[in-house]
Amino acid sequence: MTTIDPARTELQPSEPQPSRRSTGTRATRLVGIGCITAMGWLVAFGLGFSPADRDQKESVRILYVHVPTIWLAYLAFVVTAVSSGLYLFTKKQSLGWDRAAGASAEIGVAFVAVTLAVGSLWGRLTWGVFWQWDARLTTTALLFVTYIGYLAVRRLGGSHQQRAKRSAVLGMIAVVEIPLVHFSVKMWRSLLAEALVANLDGDLRWTGSCCSASSSASSPSRSCTSG
Amino acid sequence: MSPAPSPSSATVDGPVIVLDDVVAVLGQFPALAGAFLTVERGEIVLLRGPNGAGKTTLLRLCAGLLPVERGTATILGFDLSTQRELVRPHVGLLGHQNGLYLDLSVRENVNFWGRTVGASTDEIHAAMARMGVAERLADIPCRKLSAGQKRRTSLACLVARRAQVWLLDEPHAGLDATGRDELDATLAQAAGSGATILVASHELERAGNLATRSVEVIAGQVTALGDKK
Amino acid sequence: MSPAPSPSSATVDGPVIVLDDVVAVLGQFPALAGAFLTVERGEIVLLRGPNGAGKTTLLRLCAGLLPVERGTATILGFDLSTQRELVRPHVGLLGHQNGLYLDLSVRENVNFWGRTVGASTDEIHAAMARMGVAERLADIPCRKLSAGQKRRTSLACLVARRAQVWLLDEPHAGLDATGRDELDATLAQAAGSGATILVASHELERAGNLATRSVEVIAGQVTALGDKK
Amino acid sequence: MSTWKVACLIAAKDLRVERRSKIVTNQVLPFAGITMVSFAFALDKQNVLDTVAPGLIWLATTFSLLILVQRSFSIETDDGALDAMRVAGIDARAIFLGKAMALAVQLLVLEILLLFAAVVFYGESIQSSGAQGPVLAVVLLVTTLVSATCGLAAVGTLYGGLAAGFKGSETLLPLLTLPAVAPVLIGATKAVESAVGTAGAVVSEGWQWVGLLAVFAVAFGIGGALAFGPLIDE
Amino acid sequence: MSTWKVACLIAAKDLRVERRSKIVTNQVLPFAGITMVSFAFALDKQNVLDTVAPGLIWLATTFSLLILVQRSFSIETDDGALDAMRVAGIDARAIFLGKAMALAVQLLVLEILLLFAAVVFYGESIQSSGAQGPVLAVVLLVTTLVSATCGLAAVGTLYGGLAAGFKGSETLLPLLTLPAVAPVLIGATKAVESAVGTAGAVVSEGWQWVGLLAVFAVAFGIGGALAFGPLIDE
Ligand code: HEM
Ligand SMILES: Nc1ncnc2c1ncn2[C@@H]1O[C@H](COP(=O)(O)OP(=O)(O)OP(=O)(O)O)[C@@H](O)[C@H]1O
Ligand SMILES: Nc1ncnc2c1ncn2[C@@H]1O[C@H](COP(=O)(O)OP(=O)(O)OP(=O)(O)O)[C@@H](O)[C@H]1O
Ligand SMILES: [Mg+2]
Ligand SMILES: [Mg+2]
């Protein structure tokens, strides 16, 4: 029956041609070399030069991974939201923005996953359990699932534009959850109108704020085992 | 229809439908791969072509249900890519599905679709009578109707909408002999009073007699100007 | 088909379908209100009648999907009220719906329906080729097919089943000109090799040419013996 | 037809479908009841049940929400009516508002009955201590119900519309909806705890949670109405 | 074709549909995860969580079961394939067995993943006290999983078939299924509690519950296979 006209197949994506030529430019190479050097320094600093913590001993070094990963995820999600907005509100709804949004969300999900994994390992070391039900951890988990949902929506059928519009709307709604995660500790505290008994001293202040806030909402017996 | 531009304001001069090298993509597949078509007011154009040629895709595109991937599509003077919202109130589509609420009765269905465009009770009743679903069937839930009765109800909803551009996807399928005659009379009358009608059909004799022009869709392409009769 | 009586054992003498004052009720409504019909082996009988007359109901009853409320219905010598399980393996129905798995490809669908009755790979391929879905379309998920292509796939599943009694509800609807010709050829050939075919259709010319006899269903009643041709 | 009138037409249509099919009364309600009973079974530990009762009410409501939303959109997609609405040029905001209103009405009925069930099954009772006695607590309870319901209905309609008509929408819907309604779940639970005085909560604590619920409902109501067009459109 | 072969064909077909649409991996799994998270949050009280964790696993499984069953039958009724099966004279027992097997496979995968999630989120761990150490507990756990899964799959398929094709089946299904699986829910919870040693339960206590589960699975398996024909037939 229907024979396909060549014009019909012209729009189908052609197989990516394997290319020997690199896409790099002088500038990107310089940036790359800079990154590798900086990373080397960071690894050396984080694992070797910085002193171990008084209470958490060597395990405090996890912090150097833990916080950057979640901030990277935040960044990725913000990029998703911004590109979504650019897609929706620019005149020429360019699919480039949509692709940027999708790629960025994938990166973000990967990094939240790392935060969750590393965080729970750390939790095992410091609290003795992998997970506890406090505001920040829960909101982080919700953030994770929300963006999994976002990625699922991107896989729905339909035309490119439809998919792009749908996921752009979702990407802009979902980003609201970042402040929710970031301020969760504070919000929770004010909403619960509970005084916190966290008053750790010295260089643990920073770390302690998270630990104690975490434990405040759950069993006191599980609170910071450090010290 | 008050917030949308009133029908008269859309009564532009010049052709009602103009497709210029239009491409529409389903998933990855260019189901419409370069369509050229110009339809004047009052015409009844038959779209024919083999299964999978792209007739349904063409109609859905004109109804604003599919994005225009390339080329320009103009309906009633509005550009489909940018002014879709303005086009829709003037367009009526009968698709492969009927678009009925199966738990509601025939009357309630026609009422709902009619009232959203501000049709009066009389107009609604007239539409039902026109398609022969006004009497015994009026208070039966649509779920219980036979296939042809559902199709008739769907057509009654369409008639109640008083669209300017009618897009019909195999309207004769499932109708009995009387229904076909009623439908043809309805379409001829609508076209006579200024509506523009696109009909996709495989029943070439029946639809061919009705149409003023017939256009062939092959492998997603519409190029022939069509045979004027 | 081994556990069910083999086709040959069902090859009884005498008429294949005998309906004697059969009544079938949908909800409260007697959609079939006294049907008398006798069909011999190798016949192609056209059921015609207005929308809602009860054609679909009659076909679904013969397929064993509806209970016989009153009267006796005998198919291939088996009584439909008591021996429905024995009738079914020999009956194939094409309803208003296609009965496809929309996530599976055309090939996988035909394969599934064919293999449940033990058809060989060759037979399955032949059935697909017969209805024109063997090539480009074979590996496309059915969800993406056009209306006519779905109908063709459904017909291919039916052909692969090698039934003795074919019950077809508007088989031509949605098929293009080639598809109709292929279908008619297929049906004629099946009837020639001993199958018995009931076709409900509103396309009286097309189906009338094909049929050896035509019977009118009106308001749930089938009384006329039909016009022998 | 103004957006508002069309929204009312749509809501009336949805409620009429419900009246015809009696799905909420005959099936969702027993489902919610059973959910609560099965929670009670699964959590059959000393002293646990009465403290977690408010949470259970809202969990049961949330799961019923999922079912209601799915039903609400399956009547639209069963026979392509959603497409027909879009072709008819009906304002997407009207569709959103209309369907959300109908959903809210159904949810509200459900919640009130669940609350009664909790009084019977779990032995909850309205807090009657404090200055004004039970009056304040009842006001708190009613405000909580209304604002939480609006929030739930808005989120449900938004994501229901998004998932409608796609394969696997029955599974996509919970995935999208549950994380989004988690704040409502928490806020409403806390507010109800205050109203019934679980674990020594006092009525005045409840109001900040109601504030959260109201903000949520307004945000999703407005955001949903604006976003619905692009969501259901191609 | 023997009943058994046809059942295998049907199971293979169902699993293939699942592989194509990836609904379980992409949507049901996150749904189950979020269910567990939201339970945990709603029940966020001191010491409650770890004692009720086994119950929560099974509750999440039960809700996922509902979704899976609905999906399993919506692929049959979307385009009238169930009618086609009946007309094709396929033995109803084969349909029941095939669909139940496919369901059981999907459920089992889900449960194993949920168990891992419980280990991480709720801090559960296998009981390693007793004579043989953790070996016995692991055996108990695996037996529980398998027998509970068979029971759930049988009940789900039975009622899924019953509800399939009725209007409002999305709401009828939970109503029928939840009460029927309550024994599984309880038995499996108790058995897992023994395996992980919640509240001082010991491994040996678990076996009687596994017995119950097995009886349930066999009863519903056989009963379902016999009753399925009349159920899906008019
Ligand atoms: C699964 C477990 C955990 C998760 C999901 C998690 C999540 C997060 C998130 C999302 C942030 C970033 C907050 C923001 O700045 O917006 C954060 C920060 C932080 N976390 Fe964790 N965390 C986990 C376990 C831990 C543990 C066990 C510790 C220490 C004992 C810890 C210490 C910190 C510290 C010190 C910060 C930075 C301080 C701050 O920004 O408030 N976290 N965590
Ligand atoms: N994702 C996809 N991949 C490949 N092909 C696709 C996809 N989606 C749609 N198609 C094809 O696009 C075409 C759509 O055709 P359309 O439904 O417009 O046909 P039609 O002319 O209405 O046919 P019919 O007469 O059968 O109704 C079909 O050939 C279909 O197979
Ligand atoms: N519960 C009910 N109450 C009243 N009438 C009913 C009920 N259920 C079905 N009917 C009627 O029974 C008839 C069924 O007809 P059937 O579907 O067999 O018609 P058909 O001949 O196939 O028509 P078509 O040509 O439109 O396909 C219809 O007239 C329908 O309105
Ligand atoms: Mg078509
Ligand atoms: Mg019919």
# chains A, B, ... in the order shown; residues from 1 in each chain; ligands from 1

$ residues_around --residues "segment 134-144 of chain D" --least-positions-apart "4" --cutoff "12 Å" --atoms "only C-alpha atoms" --output "compact mmCIF listing (two decimals) with all heavy atoms, in the first residue's frame"
# COMPACT_ATOMS: atom_id res chain seq x y z
N PRO D 54 -5.35 11.57 62.88
CA PRO D 54 -5.49 12.68 61.92
C PRO D 54 -4.68 12.44 60.65
O PRO D 54 -5.16 12.70 59.54
CB PRO D 54 -4.96 13.88 62.70
CG PRO D 54 -5.12 13.53 64.12
CD PRO D 54 -4.88 12.05 64.19
N TRP D 58 -6.10 12.02 56.51
CA TRP D 58 -5.62 12.73 55.33
C TRP D 58 -4.96 11.80 54.33
O TRP D 58 -5.00 12.04 53.13
CB TRP D 58 -4.72 13.89 55.72
CG TRP D 58 -5.53 14.97 56.33
CD1 TRP D 58 -5.60 15.31 57.65
CD2 TRP D 58 -6.48 15.80 55.65
NE1 TRP D 58 -6.52 16.30 57.83
CE2 TRP D 58 -7.07 16.63 56.62
CE3 TRP D 58 -6.89 15.93 54.33
CZ2 TRP D 58 -8.05 17.57 56.31
CZ3 TRP D 58 -7.85 16.87 54.02
CH2 TRP D 58 -8.42 17.67 54.99
N LEU D 108 -14.93 17.22 49.54
CA LEU D 108 -15.42 17.75 50.78
C LEU D 108 -16.42 16.79 51.42
O LEU D 108 -16.34 16.49 52.61
CB LEU D 108 -16.08 19.11 50.53
CG LEU D 108 -16.02 20.09 51.69
CD1 LEU D 108 -14.58 20.35 52.07
CD2 LEU D 108 -16.68 21.40 51.28
N GLU D 111 -14.50 13.96 52.86
CA GLU D 111 -13.75 14.26 54.08
C GLU D 111 -14.66 14.33 55.30
O GLU D 111 -14.30 13.82 56.38
CB GLU D 111 -13.04 15.59 53.93
CG GLU D 111 -11.77 15.48 53.11
CD GLU D 111 -11.34 16.82 52.58
OE1 GLU D 111 -11.88 17.85 53.05
OE2 GLU D 111 -10.48 16.85 51.69
N ILE D 112 -15.80 14.93 55.11
CA ILE D 112 -16.70 15.05 56.26
C ILE D 112 -17.10 13.66 56.74
O ILE D 112 -17.07 13.37 57.95
CB ILE D 112 -17.94 15.89 55.87
CG1 ILE D 112 -17.47 17.32 55.63
CG2 ILE D 112 -18.98 15.85 56.95
CD1 ILE D 112 -18.54 18.22 55.09
N LEU D 115 -14.25 12.03 58.53
CA LEU D 115 -14.09 12.59 59.86
C LEU D 115 -15.05 11.91 60.84
O LEU D 115 -14.67 11.54 61.95
CB LEU D 115 -14.35 14.09 59.81
CG LEU D 115 -13.47 14.94 60.71
CD1 LEU D 115 -12.03 14.81 60.29
CD2 LEU D 115 -13.91 16.38 60.64
N SER D 125 -12.23 13.00 69.33
CA SER D 125 -13.28 13.95 69.71
C SER D 125 -12.73 15.36 69.62
O SER D 125 -11.53 15.59 69.77
CB SER D 125 -13.79 13.67 71.11
OG SER D 125 -12.72 13.86 72.01
N ILE D 126 -13.64 16.30 69.35
CA ILE D 126 -13.24 17.70 69.22
C ILE D 126 -12.73 18.23 70.55
O ILE D 126 -13.27 17.90 71.61
CB ILE D 126 -14.48 18.52 68.77
CG1 ILE D 126 -14.85 18.16 67.35
CG2 ILE D 126 -14.23 19.99 68.90
CD1 ILE D 126 -13.88 18.65 66.35
N GLN D 127 -11.69 19.06 70.45
CA GLN D 127 -11.09 19.62 71.65
C GLN D 127 -12.07 20.63 72.26
O GLN D 127 -12.53 21.54 71.60
CB GLN D 127 -9.81 20.34 71.24
CG GLN D 127 -8.96 20.75 72.40
CD GLN D 127 -7.52 20.85 71.99
OE1 GLN D 127 -7.20 20.68 70.82
NE2 GLN D 127 -6.62 21.11 72.90
N SER D 128 -12.37 20.46 73.53
CA SER D 128 -13.35 21.37 74.09
C SER D 128 -12.76 22.19 75.23
O SER D 128 -13.45 22.93 75.91
CB SER D 128 -14.58 20.61 74.58
OG SER D 128 -14.16 19.59 75.45
N SER D 129 -11.47 22.02 75.46
CA SER D 129 -10.83 22.85 76.47
C SER D 129 -10.59 24.24 75.88
O SER D 129 -10.90 24.50 74.73
CB SER D 129 -9.51 22.22 76.90
OG SER D 129 -8.66 22.13 75.78
N GLY D 130 -9.99 25.13 76.62
CA GLY D 130 -9.69 26.48 76.12
C GLY D 130 -10.83 27.42 76.40
O GLY D 130 -11.90 27.03 76.89
N ALA D 148 -7.69 22.89 52.74
CA ALA D 148 -6.97 21.71 52.27
C ALA D 148 -7.64 21.14 51.02
O ALA D 148 -6.97 20.76 50.06
CB ALA D 148 -6.92 20.65 53.36
N THR D 149 -8.97 21.12 51.04
CA THR D 149 -9.69 20.56 49.89
C THR D 149 -9.40 21.35 48.63
O THR D 149 -9.16 20.77 47.56
CB THR D 149 -11.20 20.60 50.17
OG1 THR D 149 -11.43 19.93 51.39
CG2 THR D 149 -11.95 19.94 49.06
N CYS D 150 -9.41 22.68 48.76
CA CYS D 150 -9.13 23.48 47.56
C CYS D 150 -7.74 23.18 47.03
O CYS D 150 -7.54 23.01 45.82
CB CYS D 150 -9.25 24.97 47.89
SG CYS D 150 -10.93 25.43 48.25
N GLY D 151 -6.77 23.09 47.93
CA GLY D 151 -5.42 22.79 47.49
C GLY D 151 -5.34 21.44 46.79
O GLY D 151 -4.79 21.31 45.69
N LEU D 152 -5.93 20.43 47.43
CA LEU D 152 -5.89 19.10 46.84
C LEU D 152 -6.56 19.08 45.47
O LEU D 152 -6.04 18.50 44.51
CB LEU D 152 -6.58 18.08 47.75
CG LEU D 152 -5.87 17.74 49.06
CD1 LEU D 152 -6.73 16.79 49.87
CD2 LEU D 152 -4.53 17.11 48.78
N VAL D 184 0.32 19.64 51.89
CA VAL D 184 -1.07 19.67 52.34
C VAL D 184 -1.30 18.58 53.37
O VAL D 184 -1.92 18.79 54.42
CB VAL D 184 -2.04 19.47 51.16
CG1 VAL D 184 -3.47 19.48 51.66
CG2 VAL D 184 -1.86 20.55 50.14
N LEU D 185 -0.76 17.41 53.05
CA LEU D 185 -0.91 16.28 53.95
C LEU D 185 -0.39 16.64 55.34
O LEU D 185 -1.05 16.43 56.36
CB LEU D 185 -0.11 15.11 53.36
CG LEU D 185 -0.46 13.72 53.79
CD1 LEU D 185 -1.87 13.41 53.38
CD2 LEU D 185 0.50 12.73 53.14
N ILE D 186 0.81 17.22 55.36
CA ILE D 186 1.42 17.56 56.64
C ILE D 186 0.64 18.66 57.35
O ILE D 186 0.26 18.54 58.51
CB ILE D 186 2.87 18.01 56.42
CG1 ILE D 186 3.67 16.85 55.80
CG2 ILE D 186 3.50 18.44 57.72
CD1 ILE D 186 4.98 17.29 55.23
N GLY D 187 0.39 19.73 56.60
CA GLY D 187 -0.27 20.88 57.21
C GLY D 187 -1.64 20.51 57.75
O GLY D 187 -1.98 20.84 58.89
N ALA D 188 -2.40 19.79 56.94
CA ALA D 188 -3.76 19.46 57.35
C ALA D 188 -3.72 18.52 58.55
O ALA D 188 -4.54 18.64 59.48
CB ALA D 188 -4.52 18.82 56.20
N THR D 189 -2.76 17.60 58.55
CA THR D 189 -2.66 16.71 59.70
C THR D 189 -2.39 17.49 60.98
O THR D 189 -3.05 17.28 62.00
CB THR D 189 -1.52 15.70 59.47
OG1 THR D 189 -1.76 15.02 58.24
CG2 THR D 189 -1.43 14.73 60.59
N LYS D 190 -1.42 18.40 60.89
CA LYS D 190 -1.10 19.18 62.10
C LYS D 190 -2.30 20.00 62.55
O LYS D 190 -2.59 20.08 63.75
CB LYS D 190 0.07 20.12 61.79
CG LYS D 190 1.35 19.40 61.43
CD LYS D 190 2.03 18.85 62.65
CE LYS D 190 3.28 18.06 62.22
NZ LYS D 190 3.84 17.25 63.28
N ALA D 191 -3.01 20.59 61.58
CA ALA D 191 -4.14 21.43 61.95
C ALA D 191 -5.23 20.60 62.62
O ALA D 191 -5.81 21.00 63.63
CB ALA D 191 -4.69 22.16 60.73
N VAL D 192 -5.50 19.43 62.05
CA VAL D 192 -6.52 18.59 62.65
C VAL D 192 -6.08 18.10 64.01
O VAL D 192 -6.87 18.02 64.96
CB VAL D 192 -6.88 17.42 61.72
CG1 VAL D 192 -7.81 16.45 62.43
CG2 VAL D 192 -7.55 17.93 60.46
N GLU D 193 -4.79 17.81 64.14
CA GLU D 193 -4.29 17.41 65.46
C GLU D 193 -4.58 18.49 66.49
O GLU D 193 -4.98 18.20 67.61
CB GLU D 193 -2.78 17.13 65.40
CG GLU D 193 -2.46 15.75 64.87
CD GLU D 193 -0.95 15.54 64.73
OE1 GLU D 193 -0.19 16.46 65.02
OE2 GLU D 193 -0.56 14.44 64.30
N SER D 194 -4.38 19.74 66.09
CA SER D 194 -4.69 20.82 67.02
C SER D 194 -6.16 20.83 67.34
O SER D 194 -6.56 21.04 68.50
CB SER D 194 -4.31 22.17 66.42
OG SER D 194 -2.96 22.19 66.06
N ALA D 195 -6.99 20.64 66.34
CA ALA D 195 -8.43 20.74 66.56
C ALA D 195 -8.93 19.62 67.47
O ALA D 195 -9.83 19.84 68.27
CB ALA D 195 -9.17 20.72 65.23
N VAL D 196 -8.37 18.44 67.32
CA VAL D 196 -8.86 17.35 68.16
C VAL D 196 -7.98 17.12 69.37
O VAL D 196 -8.25 16.25 70.19
CB VAL D 196 -9.02 16.03 67.37
CG1 VAL D 196 -9.97 16.21 66.21
CG2 VAL D 196 -7.67 15.53 66.87
N GLY D 197 -6.90 17.90 69.44
CA GLY D 197 -6.07 17.83 70.64
C GLY D 197 -5.25 16.56 70.78
O GLY D 197 -5.08 16.03 71.86
N ALA D 201 -1.68 18.92 71.57
CA ALA D 201 -1.65 20.10 70.71
C ALA D 201 -2.79 21.03 71.10
O ALA D 201 -3.85 20.58 71.51
CB ALA D 201 -1.80 19.69 69.25
N VAL D 202 -2.54 22.33 70.99
CA VAL D 202 -3.60 23.27 71.35
C VAL D 202 -4.14 23.95 70.10
O VAL D 202 -3.46 24.01 69.07
CB VAL D 202 -3.11 24.35 72.35
CG1 VAL D 202 -2.74 23.69 73.66
CG2 VAL D 202 -1.96 25.11 71.76
N VAL D 203 -5.37 24.46 70.20
CA VAL D 203 -6.06 24.98 69.03
C VAL D 203 -5.28 26.09 68.35
O VAL D 203 -5.14 26.14 67.13
CB VAL D 203 -7.47 25.47 69.42
CG1 VAL D 203 -8.11 26.21 68.25
CG2 VAL D 203 -8.32 24.30 69.82
N SER D 204 -4.70 26.99 69.16
CA SER D 204 -4.06 28.16 68.55
C SER D 204 -2.91 27.77 67.63
O SER D 204 -2.61 28.46 66.65
CB SER D 204 -3.56 29.08 69.66
OG SER D 204 -2.63 28.35 70.44
N GLU D 205 -2.26 26.65 67.92
CA GLU D 205 -1.16 26.23 67.04
C GLU D 205 -1.64 25.93 65.64
O GLU D 205 -0.88 25.96 64.68
CB GLU D 205 -0.52 24.95 67.59
CG GLU D 205 0.56 25.20 68.60
CD GLU D 205 1.04 23.89 69.20
OE1 GLU D 205 0.75 22.83 68.59
OE2 GLU D 205 1.68 23.92 70.25
N GLY D 206 -2.91 25.56 65.53
CA GLY D 206 -3.43 25.12 64.23
C GLY D 206 -3.44 26.20 63.17
O GLY D 206 -3.30 25.91 61.99
N TRP D 207 -3.60 27.45 63.59
CA TRP D 207 -3.87 28.48 62.59
C TRP D 207 -2.74 28.70 61.62
O TRP D 207 -2.95 28.98 60.43
CB TRP D 207 -4.26 29.79 63.28
CG TRP D 207 -5.60 29.64 63.92
CD1 TRP D 207 -5.87 29.54 65.25
CD2 TRP D 207 -6.85 29.53 63.24
NE1 TRP D 207 -7.21 29.37 65.47
CE2 TRP D 207 -7.85 29.36 64.24
CE3 TRP D 207 -7.25 29.55 61.91
CZ2 TRP D 207 -9.19 29.21 63.94
CZ3 TRP D 207 -8.58 29.41 61.61
CH2 TRP D 207 -9.54 29.24 62.62
N GLN D 208 -1.49 28.58 62.10
CA GLN D 208 -0.40 28.80 61.15
C GLN D 208 -0.42 27.73 60.06
O GLN D 208 -0.10 28.00 58.90
CB GLN D 208 0.93 28.81 61.87
CG GLN D 208 1.12 27.64 62.81
CD GLN D 208 2.29 27.88 63.75
OE1 GLN D 208 3.06 28.79 63.53
NE2 GLN D 208 2.40 27.05 64.77
N TRP D 209 -0.85 26.53 60.43
CA TRP D 209 -0.94 25.48 59.42
C TRP D 209 -2.03 25.78 58.42
O TRP D 209 -1.89 25.55 57.21
CB TRP D 209 -1.16 24.13 60.07
CG TRP D 209 0.01 23.67 60.87
CD1 TRP D 209 0.12 23.60 62.22
CD2 TRP D 209 1.26 23.22 60.34
NE1 TRP D 209 1.35 23.14 62.58
CE2 TRP D 209 2.08 22.90 61.44
CE3 TRP D 209 1.77 23.07 59.06
CZ2 TRP D 209 3.38 22.43 61.29
CZ3 TRP D 209 3.06 22.59 58.91
CH2 TRP D 209 3.85 22.29 60.02
N VAL D 210 -3.15 26.30 58.92
CA VAL D 210 -4.21 26.68 58.01
C VAL D 210 -3.71 27.75 57.05
O VAL D 210 -4.01 27.74 55.84
CB VAL D 210 -5.45 27.18 58.78
CG1 VAL D 210 -6.48 27.76 57.82
CG2 VAL D 210 -6.06 26.04 59.56
N GLY D 211 -2.90 28.67 57.59
CA GLY D 211 -2.31 29.69 56.71
C GLY D 211 -1.53 29.04 55.59
O GLY D 211 -1.68 29.37 54.39
N LEU D 212 -0.67 28.07 55.96
CA LEU D 212 0.10 27.35 54.94
C LEU D 212 -0.82 26.73 53.90
O LEU D 212 -0.61 26.85 52.68
CB LEU D 212 0.93 26.25 55.62
CG LEU D 212 1.73 25.36 54.67
CD1 LEU D 212 3.00 26.08 54.25
CD2 LEU D 212 2.07 24.03 55.31
N LEU D 213 -1.88 26.08 54.38
CA LEU D 213 -2.82 25.43 53.45
C LEU D 213 -3.44 26.44 52.51
O LEU D 213 -3.57 26.21 51.30
CB LEU D 213 -3.92 24.72 54.23
CG LEU D 213 -3.50 23.51 55.07
CD1 LEU D 213 -4.69 22.96 55.81
CD2 LEU D 213 -2.91 22.45 54.16
N ALA D 214 -3.83 27.59 53.06
CA ALA D 214 -4.48 28.60 52.23
C ALA D 214 -3.52 29.11 51.16
O ALA D 214 -3.88 29.23 49.98
CB ALA D 214 -4.97 29.75 53.10
N ALA D 217 -3.24 26.55 48.52
CA ALA D 217 -4.43 26.45 47.65
C ALA D 217 -4.47 27.60 46.66
O ALA D 217 -4.70 27.41 45.46
CB ALA D 217 -5.70 26.43 48.51

$ residues_around --residues "Thr57 of chain B" --least-positions-apart "5" --cutoff "9 Å" --atoms "only C-alpha atoms" --output "ChimeraX atom specification"
/B:24-26,31-32,62,66,220

$ write_last_selection --atoms "all heavy atoms" --output "compact mmCIF listing (two decimals), in the first residue's frame"
# COMPACT_ATOMS: atom_id res chain seq x y z
N ALA B 24 3.46 18.32 9.47
CA ALA B 24 3.08 18.00 10.85
C ALA B 24 3.72 16.68 11.22
O ALA B 24 3.75 15.75 10.41
CB ALA B 24 1.56 17.92 10.99
N VAL B 25 4.23 16.60 12.43
CA VAL B 25 5.00 15.43 12.84
C VAL B 25 4.29 14.73 13.98
O VAL B 25 3.88 15.37 14.95
CB VAL B 25 6.42 15.86 13.27
CG1 VAL B 25 7.19 14.69 13.80
CG2 VAL B 25 7.14 16.50 12.11
N LEU B 26 4.07 13.42 13.86
CA LEU B 26 3.54 12.61 14.96
C LEU B 26 4.69 11.80 15.53
O LEU B 26 5.23 10.94 14.85
CB LEU B 26 2.47 11.66 14.47
CG LEU B 26 1.25 12.24 13.78
CD1 LEU B 26 0.32 11.13 13.35
CD2 LEU B 26 0.53 13.19 14.70
N ALA B 31 3.82 12.76 9.41
CA ALA B 31 2.57 12.23 8.87
C ALA B 31 2.00 13.16 7.81
O ALA B 31 1.29 12.72 6.91
CB ALA B 31 1.56 12.00 9.98
N LEU B 32 2.30 14.44 7.92
CA LEU B 32 1.94 15.39 6.86
C LEU B 32 3.25 15.98 6.40
O LEU B 32 3.97 16.61 7.17
CB LEU B 32 1.02 16.47 7.44
CG LEU B 32 0.01 17.09 6.49
CD1 LEU B 32 -0.91 16.00 5.96
CD2 LEU B 32 -0.80 18.14 7.20
N CYS B 62 -5.81 21.21 11.10
CA CYS B 62 -6.68 22.36 10.84
C CYS B 62 -7.51 22.71 12.06
O CYS B 62 -7.90 23.87 12.24
CB CYS B 62 -7.61 22.07 9.66
SG CYS B 62 -6.74 22.00 8.10
N LEU B 66 -2.89 19.82 16.43
CA LEU B 66 -1.50 19.44 16.20
C LEU B 66 -0.71 20.70 15.86
O LEU B 66 -1.23 21.59 15.18
CB LEU B 66 -1.39 18.47 15.02
CG LEU B 66 -1.90 17.07 15.21
CD1 LEU B 66 -1.78 16.30 13.92
CD2 LEU B 66 -1.11 16.39 16.30
N GLY B 220 1.23 11.60 2.89
CA GLY B 220 1.43 12.85 3.62
C GLY B 220 1.51 14.08 2.75
O GLY B 220 1.75 15.17 3.25

$ residues_around --residues "Arg70 of chain C" --least-positions-apart "3" --cutoff "12 Å" --atoms "only C-alpha atoms" --output "VMD selection string"
chain C and resid 19 to 25 30 32 to 35 61 66 to 67 73 80 to 81

$ closest_atom_pairs --of "chain B" --to "ligand 5" --cutoff "10 Å" --atoms "only C-alpha atoms and all ligand atoms" --output "JSON lines"
{"residue": "B:Leu145", "atom": "CA", "partner": "ligand 5", "partner_atom_place_in_ligand_line": "1 (Mg)", "distance": 9.3}
{"residue": "B:Ser146", "atom": "CA", "partner": "ligand 5", "partner_atom_place_in_ligand_line": "1 (Mg)", "distance": 5.5}
{"residue": "B:Ala147", "atom": "CA", "partner": "ligand 5", "partner_atom_place_in_ligand_line": "1 (Mg)", "distance": 5.1}
{"residue": "B:Gly148", "atom": "CA", "partner": "ligand 5", "partner_atom_place_in_ligand_line": "1 (Mg)", "distance": 6.6}
{"residue": "B:Gln149", "atom": "CA", "partner": "ligand 5", "partner_atom_place_in_ligand_line": "1 (Mg)", "distance": 8.9}
{"residue": "B:Gly174", "atom": "CA", "partner": "ligand 5", "partner_atom_place_in_ligand_line": "1 (Mg)", "distance": 7.5}
{"residue": "B:Leu175", "atom": "CA", "partner": "ligand 5", "partner_atom_place_in_ligand_line": "1 (Mg)", "distance": 9.6}

$ write_last_selection --atoms "C-alpha atoms" --output "compact mmCIF listing (two decimals), in the first residue's frame"
# COMPACT_ATOMS: atom_id res chain seq x y z
CA LEU B 145 -26.42 3.48 22.17
CA SER B 146 -25.43 1.51 19.11
CA ALA B 147 -22.38 2.62 17.15
CA GLY B 148 -24.40 4.49 14.58
CA GLN B 149 -26.58 6.17 17.19
CA GLY B 174 -21.60 3.66 10.73
CA LEU B 175 -24.62 5.67 9.60
